[in-house]
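Structure record follows, encoded as structure tokens.
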Amino acid sequence: MIALYHMLEYLCVALYNPTRVELESFMFDPDGANLYPIAMAISLIEYVVECSIYPGNGSGPGLVSAVGLFLAISGQALRTLAMVTAKSSFNHVIADQHESDHKLITHGIYKYERHPSYVGFFLWAVGLQLMLKNPFTVCAFVLALGYFFTRRVNFEERTLKLLFGQEYDRYMQQTPTYIPSF
């Protein structure tokens, strides 16, 4: 699941934004502060510790892991659909000036959710932790991602209002977002 996420991140940029493709398009360190790799390492440590303390935790993956798998797959599908729908208007870096190919995307999945790639990542990340039955990192990911996306969505929406004006205001009134905010 993790390898698929990184490959799809890169592939979508390569297909729809080839002039902006770079090593960072794999999203190994999206914030530049190593928080994502640290979070994934903590997740792995929690899993290994729990497996050593509770060997054979249950007789198989179980319901929690199945729910996690469903959320991770759904989240990945939602995020990838968002990138494919937005095409060249999608970028991992929030644009602060209007590019010639930059359009406000309000069709497809964006008709139902203003920030589908963020919701998708949230579901994917929390789903992975549920798959691993990691109670500490499930809670930590929900809180950390909620905080991160609250700040990012607020900044992005202020920027989009500046770039698209009343068109974005109307879009905000018509289209909800389901990303948790803190």
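Following the order of the structure tokens, first chain is A, next is B, and so on, with residues numbered from 1 inside each chain and ligands from 1 in the order they appear.
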
Open item on the list: For Glu99 of chain A, find every residue with an atom within 12 Å (counting only C-alpha atoms), except residues of its own chain fewer than 6 positions away, and show them as a ChimeraX atom specification.
Closed with: /A:88-91,163-164

TODO: List the neighbours of segment 175-178 of chain A out to 7 Å using only C-alpha atoms; skip same-chain residues closer than 3 positions along the sequence, and give me the result as an NGL selection string.
DONE: :A and (111-115 or 119 or 171-172)

Could you please take those selected residues and save C-alpha atoms as a CSV table (one decimal), in the first residue's frame?
```
chain,number,residue,atom,x,y,z
A,111,LYS,CA,-18.3,18.5,-7.2
A,112,TYR,CA,-18.8,16.6,-3.9
A,113,GLU,CA,-15.7,17.5,-1.9
A,114,ARG,CA,-13.6,20.6,-2.0
A,115,HIS,CA,-10.4,18.8,-0.9
A,119,VAL,CA,-9.6,13.4,2.6
A,171,TYR,CA,-17.8,26.9,-4.9
A,172,MET,CA,-17.2,26.9,-1.2
```

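The residue that comes closest to Ile45 of chain A, out of A:Phe122, A:Asn134, A:Thr19, A:Leu162 and on the basis of only C-alpha atoms, is A:Asn134.
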
Task: Who sits within 10 Å of Gln97 of chain A, only C-alpha atoms, same chain under 3 positions skipped, as a PyMOL selection string - done: chain A and resi 94+100+102+159-160+162-163

TODO: Would you mind reading off the distance between atom CA of Ile179 of chain A and atom CA of Asp29 of chain A, one decimal, in Å?
DONE: 21.2 Å

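Going from atom CA of Leu71 of chain A to atom CA of Gly127 of chain A covers 4.8 Å.
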
Task: Selected residue, from A:Leu8, A:Ala77, A:Glu46, A:Tyr16, that lies nearest to Leu123 of chain A when counting only C-alpha atoms - done: A:Ala77

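Of the residues under consideration (A:Phe26, A:Val153, A:Arg158, A:Gln166), A:Val153 shows the shortest atom-to-atom contact distance to Phe182 of chain A when counting only C-alpha atoms.
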
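For the set A:Ala66, A:Ala72, A:Leu78, A:Met83, the residue with the smallest atom-to-atom gap to Ala14 of chain A is A:Met83, counting only C-alpha atoms.
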
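Taking atom CA of Glu50 of chain A as the reference point, atom CA of Ala140 of chain A is found at 16.2 Å.
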
TODO: Tell me, as a PyMOL selection string, which residues lie within 12 Å of Glu22 of chain A, counting only C-alpha atoms; anything in the same chain fewer than 2 positions away does not count.
DONE: chain A and resi 9-14+17-20+24-28+91-92

Keeping only all heavy atoms, write the selected residues to a file as a compact mmCIF listing (two decimals), in the first residue's frame.
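part23.txt was written with the following content:
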```
# COMPACT_ATOMS: atom_id res chain seq x y z
N GLU A 9 1.61 8.92 -6.64
CA GLU A 9 1.91 10.35 -6.48
C GLU A 9 2.82 10.81 -7.62
O GLU A 9 2.58 11.82 -8.27
CB GLU A 9 2.59 10.62 -5.13
CG GLU A 9 1.70 10.43 -3.93
CD GLU A 9 0.59 11.45 -3.84
OE1 GLU A 9 0.85 12.66 -3.93
OE2 GLU A 9 -0.56 11.03 -3.65
N TYR A 10 3.89 10.06 -7.84
CA TYR A 10 4.86 10.42 -8.88
C TYR A 10 4.22 10.32 -10.27
O TYR A 10 4.36 11.21 -11.10
CB TYR A 10 6.09 9.52 -8.79
CG TYR A 10 7.16 9.90 -9.76
CD1 TYR A 10 8.13 10.84 -9.40
CD2 TYR A 10 7.21 9.36 -11.04
CE1 TYR A 10 9.11 11.23 -10.29
CE2 TYR A 10 8.20 9.73 -11.94
CZ TYR A 10 9.14 10.66 -11.56
OH TYR A 10 10.12 11.04 -12.45
N LEU A 11 3.52 9.22 -10.51
CA LEU A 11 2.93 8.98 -11.82
C LEU A 11 1.93 10.07 -12.21
O LEU A 11 1.93 10.55 -13.35
CB LEU A 11 2.24 7.61 -11.84
CG LEU A 11 1.65 7.16 -13.17
CD1 LEU A 11 2.73 7.04 -14.23
CD2 LEU A 11 0.93 5.84 -13.00
N CYS A 12 1.09 10.49 -11.27
CA CYS A 12 0.12 11.54 -11.58
C CYS A 12 0.80 12.85 -11.94
O CYS A 12 0.38 13.55 -12.86
CB CYS A 12 -0.85 11.73 -10.42
SG CYS A 12 -2.07 10.40 -10.29
N VAL A 13 1.86 13.21 -11.23
CA VAL A 13 2.59 14.43 -11.56
C VAL A 13 3.26 14.26 -12.93
O VAL A 13 3.21 15.15 -13.78
CB VAL A 13 3.63 14.78 -10.48
CG1 VAL A 13 4.48 15.97 -10.91
CG2 VAL A 13 2.93 15.08 -9.16
N ALA A 14 3.88 13.10 -13.15
CA ALA A 14 4.58 12.86 -14.42
C ALA A 14 3.62 12.92 -15.61
O ALA A 14 3.96 13.45 -16.67
CB ALA A 14 5.30 11.51 -14.38
N ASN A 17 1.56 16.89 -15.04
CA ASN A 17 2.37 18.08 -14.78
C ASN A 17 3.84 17.77 -15.08
O ASN A 17 4.71 17.95 -14.22
CB ASN A 17 2.24 18.50 -13.31
CG ASN A 17 1.33 19.66 -13.11
OD1 ASN A 17 1.18 20.49 -13.99
ND2 ASN A 17 0.73 19.73 -11.94
N PRO A 18 4.14 17.29 -16.27
CA PRO A 18 5.51 16.83 -16.54
C PRO A 18 6.59 17.90 -16.35
O PRO A 18 7.73 17.56 -16.04
CB PRO A 18 5.45 16.35 -17.99
CG PRO A 18 4.22 16.95 -18.57
CD PRO A 18 3.28 17.19 -17.43
N THR A 19 6.24 19.16 -16.48
CA THR A 19 7.26 20.19 -16.28
C THR A 19 7.57 20.40 -14.80
O THR A 19 8.57 21.03 -14.48
CB THR A 19 6.81 21.55 -16.89
OG1 THR A 19 5.59 21.96 -16.24
CG2 THR A 19 6.59 21.43 -18.39
N ARG A 20 6.74 19.86 -13.92
CA ARG A 20 6.94 20.02 -12.48
C ARG A 20 7.38 18.73 -11.80
O ARG A 20 7.48 18.69 -10.56
CB ARG A 20 5.67 20.53 -11.83
CG ARG A 20 5.28 21.92 -12.32
CD ARG A 20 4.06 22.44 -11.59
NE ARG A 20 3.71 23.76 -12.10
CZ ARG A 20 2.53 24.07 -12.60
NH1 ARG A 20 1.57 23.19 -12.64
NH2 ARG A 20 2.30 25.29 -13.05
N GLU A 24 10.93 14.92 -5.49
CA GLU A 24 9.97 15.19 -4.43
C GLU A 24 8.54 14.79 -4.82
O GLU A 24 7.68 14.70 -3.95
CB GLU A 24 9.99 16.68 -4.04
CG GLU A 24 11.19 17.07 -3.20
CD GLU A 24 12.46 17.28 -4.01
OE1 GLU A 24 12.37 17.40 -5.26
OE2 GLU A 24 13.54 17.29 -3.41
N SER A 25 8.30 14.55 -6.10
CA SER A 25 6.97 14.13 -6.54
C SER A 25 6.59 12.76 -5.97
O SER A 25 5.42 12.41 -5.95
CB SER A 25 6.91 14.09 -8.07
OG SER A 25 7.17 15.36 -8.60
N PHE A 26 7.57 11.99 -5.51
CA PHE A 26 7.27 10.72 -4.85
C PHE A 26 6.65 10.92 -3.47
O PHE A 26 6.08 10.01 -2.89
CB PHE A 26 8.53 9.86 -4.69
CG PHE A 26 8.92 9.10 -5.92
CD1 PHE A 26 10.05 9.47 -6.64
CD2 PHE A 26 8.19 8.01 -6.34
CE1 PHE A 26 10.42 8.75 -7.76
CE2 PHE A 26 8.56 7.28 -7.46
CZ PHE A 26 9.68 7.66 -8.18
N MET A 27 6.79 12.13 -2.93
CA MET A 27 6.22 12.49 -1.62
C MET A 27 6.81 11.66 -0.47
O MET A 27 6.11 11.28 0.46
CB MET A 27 4.69 12.38 -1.63
CG MET A 27 4.03 13.33 -2.62
SD MET A 27 4.34 15.05 -2.29
CE MET A 27 3.30 15.31 -0.88
N PHE A 28 8.12 11.40 -0.51
CA PHE A 28 8.77 10.71 0.59
C PHE A 28 8.89 11.60 1.82
O PHE A 28 8.93 11.12 2.95
CB PHE A 28 10.17 10.22 0.19
CG PHE A 28 10.15 9.13 -0.85
CD1 PHE A 28 10.96 9.22 -1.97
CD2 PHE A 28 9.31 8.03 -0.72
CE1 PHE A 28 10.94 8.22 -2.93
CE2 PHE A 28 9.29 7.03 -1.67
CZ PHE A 28 10.11 7.13 -2.78
N ASN A 91 -1.21 20.22 -7.88
CA ASN A 91 0.21 20.33 -7.57
C ASN A 91 0.37 20.08 -6.08
O ASN A 91 -0.49 20.44 -5.29
CB ASN A 91 0.72 21.73 -7.95
CG ASN A 91 2.22 21.80 -8.02
OD1 ASN A 91 2.93 21.11 -7.30
ND2 ASN A 91 2.70 22.64 -8.91
N HIS A 92 1.48 19.46 -5.71
CA HIS A 92 1.74 19.22 -4.29
C HIS A 92 2.05 20.51 -3.54
O HIS A 92 1.94 20.56 -2.32
CB HIS A 92 2.90 18.23 -4.12
CG HIS A 92 2.55 16.86 -4.56
ND1 HIS A 92 3.17 16.23 -5.61
CD2 HIS A 92 1.62 15.97 -4.10
CE1 HIS A 92 2.65 15.02 -5.77
NE2 HIS A 92 1.71 14.85 -4.87
```
